[in-house]
Structures are given as structure tokens and as C-alpha cells.
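Participant: Structure file input_3.cif, mmCIF, C-alpha atoms, is pasted below:
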data_target
loop_
_atom_site.group_PDB
_atom_site.id
_atom_site.type_symbol
_atom_site.label_atom_id
_atom_site.label_comp_id
_atom_site.auth_asym_id
_atom_site.auth_seq_id
_atom_site.Cartn_x
_atom_site.Cartn_y
_atom_site.Cartn_z
ATOM 1 C CA MET A 1 -22.408 -0.091 -20.616
ATOM 2 C CA GLY A 2 -20.778 -0.783 -17.241
ATOM 3 C CA ARG A 3 -19.402 2.738 -16.953
ATOM 4 C CA ARG A 4 -22.870 4.163 -17.530
ATOM 5 C CA ILE A 5 -24.302 2.081 -14.665
ATOM 6 C CA LEU A 6 -21.518 3.297 -12.355
ATOM 7 C CA ASN A 7 -22.028 6.923 -13.378
ATOM 8 C CA ASP A 8 -25.804 6.686 -12.803
ATOM 9 C CA ALA A 9 -25.248 5.206 -9.341
ATOM 10 C CA LEU A 10 -22.743 7.904 -8.357
ATOM 11 C CA ARG A 11 -25.013 10.660 -9.685
ATOM 12 C CA SER A 12 -27.846 9.227 -7.551
ATOM 13 C CA ILE A 13 -25.627 9.457 -4.477
ATOM 14 C CA VAL A 14 -24.705 13.094 -5.207
ATOM 15 C CA ASN A 15 -28.340 14.076 -5.861
ATOM 16 C CA ALA A 16 -29.509 12.408 -2.638
ATOM 17 C CA GLU A 17 -26.744 14.189 -0.693
ATOM 18 C CA LYS A 18 -27.825 17.548 -2.147
ATOM 19 C CA ARG A 19 -31.433 16.870 -1.122
ATOM 20 C CA GLY A 20 -30.314 15.925 2.390
ATOM 21 C CA LYS A 21 -31.577 12.346 2.277
ATOM 22 C CA ALA A 22 -30.299 9.762 4.733
ATOM 23 C CA THR A 23 -30.353 6.778 2.341
ATOM 24 C CA VAL A 24 -30.381 6.141 -1.372
ATOM 25 C CA GLU A 25 -31.273 3.000 -3.327
ATOM 26 C CA LEU A 26 -29.138 2.066 -6.340
ATOM 27 C CA LYS A 27 -30.437 -0.120 -9.190
ATOM 28 C CA PRO A 28 -29.048 -1.873 -11.290
ATOM 29 C CA ILE A 29 -25.858 -2.948 -9.555
ATOM 30 C CA SER A 30 -22.479 -4.422 -10.419
ATOM 31 C CA THR A 31 -19.375 -5.596 -8.608
ATOM 32 C CA VAL A 32 -17.592 -2.397 -9.667
ATOM 33 C CA ILE A 33 -20.222 -0.307 -7.873
ATOM 34 C CA SER A 34 -19.845 -2.355 -4.694
ATOM 35 C CA SER A 35 -16.038 -2.036 -4.857
ATOM 36 C CA PHE A 36 -16.334 1.742 -5.391
ATOM 37 C CA LEU A 37 -18.688 1.976 -2.391
ATOM 38 C CA THR A 38 -16.291 -0.093 -0.290
ATOM 39 C CA ILE A 39 -13.571 2.493 -0.910
ATOM 40 C CA MET A 40 -15.992 5.327 -0.093
ATOM 41 C CA LYS A 41 -16.956 3.595 3.161
ATOM 42 C CA TYR A 42 -13.339 2.910 4.112
ATOM 43 C CA ARG A 43 -12.449 6.585 3.550
ATOM 44 C CA GLY A 44 -15.450 7.789 5.585
ATOM 45 C CA TYR A 45 -17.603 9.303 2.855
ATOM 46 C CA ILE A 46 -20.602 6.990 3.423
ATOM 47 C CA ARG A 47 -21.746 5.193 6.570
ATOM 48 C CA ASN A 48 -22.684 1.783 5.263
ATOM 49 C CA PHE A 49 -24.231 -0.034 2.323
ATOM 50 C CA GLU A 50 -26.206 -3.259 1.970
ATOM 51 C CA LEU A 51 -26.368 -5.490 -1.079
ATOM 52 C CA PHE A 52 -29.740 -7.178 -1.731
ATOM 53 C CA ASP A 53 -30.226 -10.113 -4.124
ATOM 54 C CA PRO A 54 -27.001 -9.829 -6.132
ATOM 55 C CA HIS A 55 -27.787 -12.770 -8.459
ATOM 56 C CA ARG A 56 -30.796 -11.208 -10.127
ATOM 57 C CA VAL A 57 -31.256 -7.505 -10.848
ATOM 58 C CA GLY A 58 -30.456 -6.600 -7.254
ATOM 59 C CA LYS A 59 -30.209 -3.304 -5.413
ATOM 60 C CA ILE A 60 -27.865 -1.550 -3.016
ATOM 61 C CA THR A 61 -29.083 0.622 -0.145
ATOM 62 C CA VAL A 62 -26.499 3.244 0.843
ATOM 63 C CA GLU A 63 -26.581 5.117 4.170
ATOM 64 C CA LEU A 64 -25.284 8.614 3.506
ATOM 65 C CA GLN A 65 -23.175 10.695 5.835
ATOM 66 C CA GLY A 66 -23.344 14.132 4.216
ATOM 67 C CA ARG A 67 -19.683 14.302 3.142
ATOM 68 C CA VAL A 68 -19.954 13.688 -0.619
ATOM 69 C CA ASN A 69 -19.754 16.949 -2.585
ATOM 70 C CA ASP A 70 -19.119 15.455 -6.003
ATOM 71 C CA CYS A 71 -18.789 11.908 -7.238
ATOM 72 C CA GLN A 72 -18.316 11.059 -10.893
ATOM 73 C CA ALA A 73 -17.355 8.120 -13.087
ATOM 74 C CA LEU A 74 -15.332 8.549 -16.250
ATOM 75 C CA THR A 75 -17.307 7.260 -19.217
ATOM 76 C CA TYR A 76 -14.178 6.780 -21.307
ATOM 77 C CA ARG A 77 -11.339 4.426 -20.537
ATOM 78 C CA GLN A 78 -8.246 6.335 -19.495
ATOM 79 C CA ASP A 79 -5.074 4.431 -18.730
ATOM 80 C CA ILE A 80 -2.799 5.991 -16.146
ATOM 81 C CA LYS A 81 0.773 5.205 -15.152
ATOM 82 C CA VAL A 82 1.993 5.308 -11.575
ATOM 83 C CA LYS A 83 4.108 8.406 -12.201
ATOM 84 C CA ASP A 84 1.083 10.301 -13.594
ATOM 85 C CA ILE A 85 -1.369 9.507 -10.765
ATOM 86 C CA GLU A 86 -0.233 12.407 -8.555
ATOM 87 C CA LYS A 87 -0.515 14.879 -11.444
ATOM 88 C CA TYR A 88 -4.010 13.630 -12.284
ATOM 89 C CA THR A 89 -5.210 13.916 -8.671
ATOM 90 C CA THR A 90 -3.894 17.478 -8.502
ATOM 91 C CA PHE A 91 -5.791 18.268 -11.694
ATOM 92 C CA LYS A 92 -9.110 16.621 -10.734
ATOM 93 C CA LEU A 93 -9.452 16.958 -6.956
ATOM 94 C CA PRO A 94 -10.041 20.222 -5.076
ATOM 95 C CA THR A 95 -7.583 21.533 -2.485
ATOM 96 C CA ARG A 96 -8.094 23.065 0.919
ATOM 97 C CA GLN A 97 -6.319 26.370 1.434
ATOM 98 C CA VAL A 98 -5.817 27.576 4.988
ATOM 99 C CA CYS A 99 -4.602 31.044 3.929
ATOM 100 C CA SER A 100 -7.922 31.916 2.352
ATOM 101 C CA PHE A 101 -9.617 31.374 5.725
ATOM 102 C CA ILE A 102 -7.363 33.963 7.370
ATOM 103 C CA ALA A 103 -7.949 36.468 4.571
ATOM 104 C CA TYR A 104 -11.727 35.975 4.724
ATOM 105 C CA TYR A 105 -11.630 36.352 8.502
ATOM 106 C CA ILE A 106 -9.991 39.774 8.267
ATOM 107 C CA GLU A 107 -12.035 40.943 5.266
ATOM 108 C CA GLY A 108 -15.264 39.650 6.813
ATOM 109 C CA ALA A 109 -14.729 41.685 9.955
ATOM 110 C CA GLY A 110 -14.574 44.887 7.892
ATOM 111 C CA ARG A 111 -17.537 43.982 5.680
ATOM 112 C CA LEU A 112 -19.794 43.079 8.571
ATOM 113 C CA GLY A 113 -19.274 46.477 10.179
ATOM 114 C CA ILE A 114 -17.499 44.948 13.152
ATOM 115 C CA GLY A 115 -14.439 46.974 12.305
ATOM 116 C CA TYR A 116 -10.853 45.936 12.056
ATOM 117 C CA ALA A 117 -10.257 46.988 15.651
ATOM 118 C CA ASN A 118 -12.159 43.938 16.889
ATOM 119 C CA VAL A 119 -9.919 41.565 14.942
ATOM 120 C CA PRO A 120 -7.317 40.367 17.441
ATOM 121 C CA GLY A 121 -4.068 42.279 17.162
ATOM 122 C CA TYR A 122 -1.923 39.170 17.130
ATOM 123 C CA VAL A 123 -3.517 38.218 13.777
ATOM 124 C CA TYR A 124 -2.104 41.413 12.235
ATOM 125 C CA ARG A 125 1.304 40.865 13.820
ATOM 126 C CA ILE A 126 1.716 37.277 12.663
ATOM 127 C CA LEU A 127 -0.136 37.556 9.330
ATOM 128 C CA PRO A 128 3.010 38.103 7.187
ATOM 129 C CA LYS A 129 4.714 35.146 8.882
ATOM 130 C CA LEU A 130 1.624 32.975 8.399
ATOM 131 C CA MET A 131 1.420 33.847 4.719
ATOM 132 C CA LEU A 132 5.073 32.916 4.207
ATOM 133 C CA PHE A 133 4.566 29.689 6.128
ATOM 134 C CA PHE A 134 1.458 28.667 4.167
ATOM 135 C CA ASP A 135 2.995 29.604 0.815
ATOM 136 C CA ASN A 136 5.746 27.058 1.454
ATOM 137 C CA LEU A 137 3.261 24.260 2.208
ATOM 138 C CA TYR A 138 1.801 21.988 -0.405
ATOM 139 C CA PRO A 139 -1.984 22.264 -0.699
ATOM 140 C CA VAL A 140 -3.899 19.404 0.888
ATOM 141 C CA LYS A 141 -6.013 17.387 -1.533
ATOM 142 C CA CYS A 142 -9.394 16.251 -0.319
ATOM 143 C CA GLY A 143 -11.021 13.349 -2.113
ATOM 144 C CA TYR A 144 -9.896 10.239 -3.909
ATOM 145 C CA VAL A 145 -9.446 8.964 -7.449
ATOM 146 C CA VAL A 146 -10.534 5.330 -7.890
ATOM 147 C CA ILE A 147 -8.424 3.179 -10.216
ATOM 148 C CA SER A 148 -9.001 -0.324 -11.578
ATOM 149 C CA THR A 149 -5.668 -2.166 -11.324
ATOM 150 C CA PRO A 150 -4.477 -5.771 -11.654
ATOM 151 C CA ASP A 151 -4.520 -5.838 -7.812
ATOM 152 C CA GLY A 152 -8.212 -4.887 -7.779
ATOM 153 C CA ILE A 153 -10.035 -1.582 -7.480
ATOM 154 C CA LEU A 154 -7.951 0.835 -5.383
ATOM 155 C CA ASP A 155 -7.877 4.511 -4.501
ATOM 156 C CA HIS A 156 -4.976 6.604 -5.794
ATOM 157 C CA GLY A 157 -3.002 6.536 -2.540
ATOM 158 C CA GLU A 158 -3.069 2.762 -2.328
ATOM 159 C CA ALA A 159 -2.176 2.431 -6.027
ATOM 160 C CA ILE A 160 0.879 4.661 -5.539
ATOM 161 C CA ARG A 161 1.878 2.731 -2.420
ATOM 162 C CA ARG A 162 1.618 -0.625 -4.250
ATOM 163 C CA ASN A 163 3.252 0.869 -7.384
ATOM 164 C CA VAL A 164 0.525 -0.351 -9.785
ATOM 165 C CA SER A 165 -1.078 1.442 -12.705
ATOM 166 C CA GLY A 166 -4.454 0.866 -14.330
ATOM 167 C CA GLN A 167 -7.569 2.568 -15.638
ATOM 168 C CA ILE A 168 -9.339 5.439 -13.919
ATOM 169 C CA LEU A 169 -12.918 4.583 -12.915
ATOM 170 C CA GLY A 170 -13.879 7.866 -11.272
ATOM 171 C CA TYR A 171 -13.352 10.171 -8.330
ATOM 172 C CA PHE A 172 -15.168 11.493 -5.267
ATOM 173 C CA HIS A 173 -14.697 14.366 -2.844
#
Give the structure from this file in C-alpha cells form.

Facilitator:
Amino acid sequence: MGRRILNDALRSIVNAEKRGKATVELKPISTVISSFLTIMKYRGYIRNFELFDPHRVGKITVELQGRVNDCQALTYRQDIKVKDIEKYTTFKLPTRQVCSFIAYYIEGAGRLGIGYANVPGYVYRILPKLMLFFDNLYPVKCGYVVISTPDGILDHGEAIRRNVSGQILGYFH
């Protein structure tokens, strides 16, 4: 039941972000939701959140920032070891590729009718070197996987740093 409450709250946040709302109200609440939101606030994905009347049904008001693209809770319990956290984050989280921006820049100039002549010449001269450089880089992951550990609820980076394993609660990016 607790995972369903978390998933409903995270889906509400994503839907409000897609509609362009500034705030969203979450009901019912739990301590897991407030810990998840604390991680999102610390990582800069939401501005702030306020907890109202936590002893009864309660509600949380979240001030959105416009950075959340997807946010999901896992409805099944999945244990994860420290050595498998990096592999899981690579599988679940999207990556930012800088090379694709350069390729779209050059292709976009031709498609828009601007012509390749207006693309700066230095881009053509250094393009092979840039492609070799970016192929040797690791892709940058954006987003975080949230894990419930014996040390508390942590994001994947902190769990790796503390060398603790646990159960995956969800992810956001």
C-alpha cells in the first residue's frame, strides 16, 4: 500500500509539471514521501515543500521548479547491491549527449535553408577531433535513483559513497 501512495504522489508532481503549474498538493502523505521530496529539493528538482497536519490525514504542498521530466516509484520491492547500483542507474536514467547537439546544429543549418556556408568553418575543421573526444567520454547521467537503506533514504550517489545497499524506491529526472 505504501508504494502505491508514493507512486500516486510522484505521478501528481509529473502531471502538474506537464501542465505548467507552480504548486501541487499531495494527499495522503507518508514519511517516505517527505524523505523522497527532501532528496528532490536537495538536488534542485523542486523549490520547497510544506507539511501540514502530519498526525491526521495531512497534506504536502510542493512548489515546483519546472525541472522534473519523469518521476516514478517502483511498485515492487527490488533489492540492489552496491556493485549493481551504477548498472541500474545507467539502465534507468537518461543520458545527455553533447555530440548529438553538434550533429543537429550542422544538419539543422541545411534543413532550414540557411546553407552549410553559414555554419562556421571552424566547426567543420574540428568536427572529427570533437567526435573522437566525445566518443572517449562517458555519458553524463541526469537524474537520481532513490534507495531505502539501513542509513535512511538516500540517492544512488550517496549510497555508493557510503557503501550501503537496500531497496529501490523510485527515480526522478

Participant: Which of these residues is nearest to Cys71 (chain A), using all atoms listed in the file: A:Lys21, A:His173, A:Lys27, A:Arg161?

Facilitator: A:His173

Participant: With distances taken over only C-alpha atoms, which residue among A:Gly170, A:Gly66, A:Gly143, A:Gly152 lies nearest Ala22 (chain A)?

Facilitator: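 For Ala22 (chain A), the nearest of the given residues is A:Gly66.
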
Participant: Go through A:Thr61, A:Thr75, A:Gln167, A:Ser35 one by one, measure the shortest atom-to-atom distance of each to Asn48 (chain A) using all atoms listed in the file, and give the residue with the smallest value.

Facilitator: A:Thr61

Participant: Go ahead and find all residues with at least one atom no further than 8 Å from (-20.9, 10.1, 1.2) in the file's coordinates, using only C-alpha atoms; report them as a list in words.

Facilitator: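 Nearby residues: Ile13, Glu17, Met40, Lys41, Gly44, Tyr45, Ile46, Arg47, Leu64, Gln65, Gly66, Arg67, Val68 and Asn69 of chain A.
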
Participant: Any chance you can output those residues with C-alpha atoms as a PDB file, in the coordinates of the input?

Facilitator:
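Written output follows (again_29.pdb):
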ATOM      1  CA  ILE A  13     -25.627   9.457  -4.477  1.00  0.00           C
ATOM      2  CA  GLU A  17     -26.744  14.189  -0.693  1.00  0.00           C
ATOM      3  CA  MET A  40     -15.992   5.327  -0.093  1.00  0.00           C
ATOM      4  CA  LYS A  41     -16.956   3.595   3.161  1.00  0.00           C
ATOM      5  CA  GLY A  44     -15.450   7.789   5.585  1.00  0.00           C
ATOM      6  CA  TYR A  45     -17.603   9.303   2.855  1.00  0.00           C
ATOM      7  CA  ILE A  46     -20.602   6.990   3.423  1.00  0.00           C
ATOM      8  CA  ARG A  47     -21.746   5.193   6.570  1.00  0.00           C
ATOM      9  CA  LEU A  64     -25.284   8.614   3.506  1.00  0.00           C
ATOM     10  CA  GLN A  65     -23.175  10.695   5.835  1.00  0.00           C
ATOM     11  CA  GLY A  66     -23.344  14.132   4.216  1.00  0.00           C
ATOM     12  CA  ARG A  67     -19.683  14.302   3.142  1.00  0.00           C
ATOM     13  CA  VAL A  68     -19.954  13.688  -0.619  1.00  0.00           C
ATOM     14  CA  ASN A  69     -19.754  16.949  -2.585  1.00  0.00           C
TER      15      ASN A  69
END

Participant: Between A:Thr38, A:Ser30, A:Thr90, A:Asn7, which has the minimum distance to Phe52 (chain A) (counting all atoms listed in the file)?

Facilitator: A:Ser30

Participant: Using only C-alpha atoms, can you tell me which of A:Phe172, A:Ile147, A:Ile39, A:Arg3 comes closest to Ile80 (chain A)?

Facilitator: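 Smallest distance to Ile80 (chain A) is found for A:Ile147.
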
Participant: When the PyMOL selection byres ((chain A and resi 5) around 9) is applied to the structure above, which residues does it catch, written out as a list in words?

Facilitator: Met1, Gly2, Arg3, Arg4, Leu6, Asn7, Asp8, Ala9, Leu10, Lys27, Pro28, Ile29, Ser30 and Ile33 of chain A

Participant: So how many Å separate CA of Leu93 (chain A) and CA of Val145 (chain A), to one decimal?

Facilitator: 8.0 Å

Participant: So how many Å separate CA of Arg56 (chain A) and CA of Val24 (chain A), to one decimal?

Facilitator: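 It comes out at 19.4 Å.
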
Participant: Quote the spacing between CA of Leu26 (chain A) and CA of Asp53 (chain A) in Å to one decimal place.

Facilitator: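 Separating CA of Leu26 (chain A) from CA of Asp53 (chain A) is a distance of 12.4 Å.
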
Participant: Counting all atoms listed in the file, I want the residues whose atoms come within 12 Å of (-6.2, -1.6, -9.5) in the file frame, returned as a PyMOL selection string.

Facilitator: chain A and resi 32+35-36+79-82+145-169
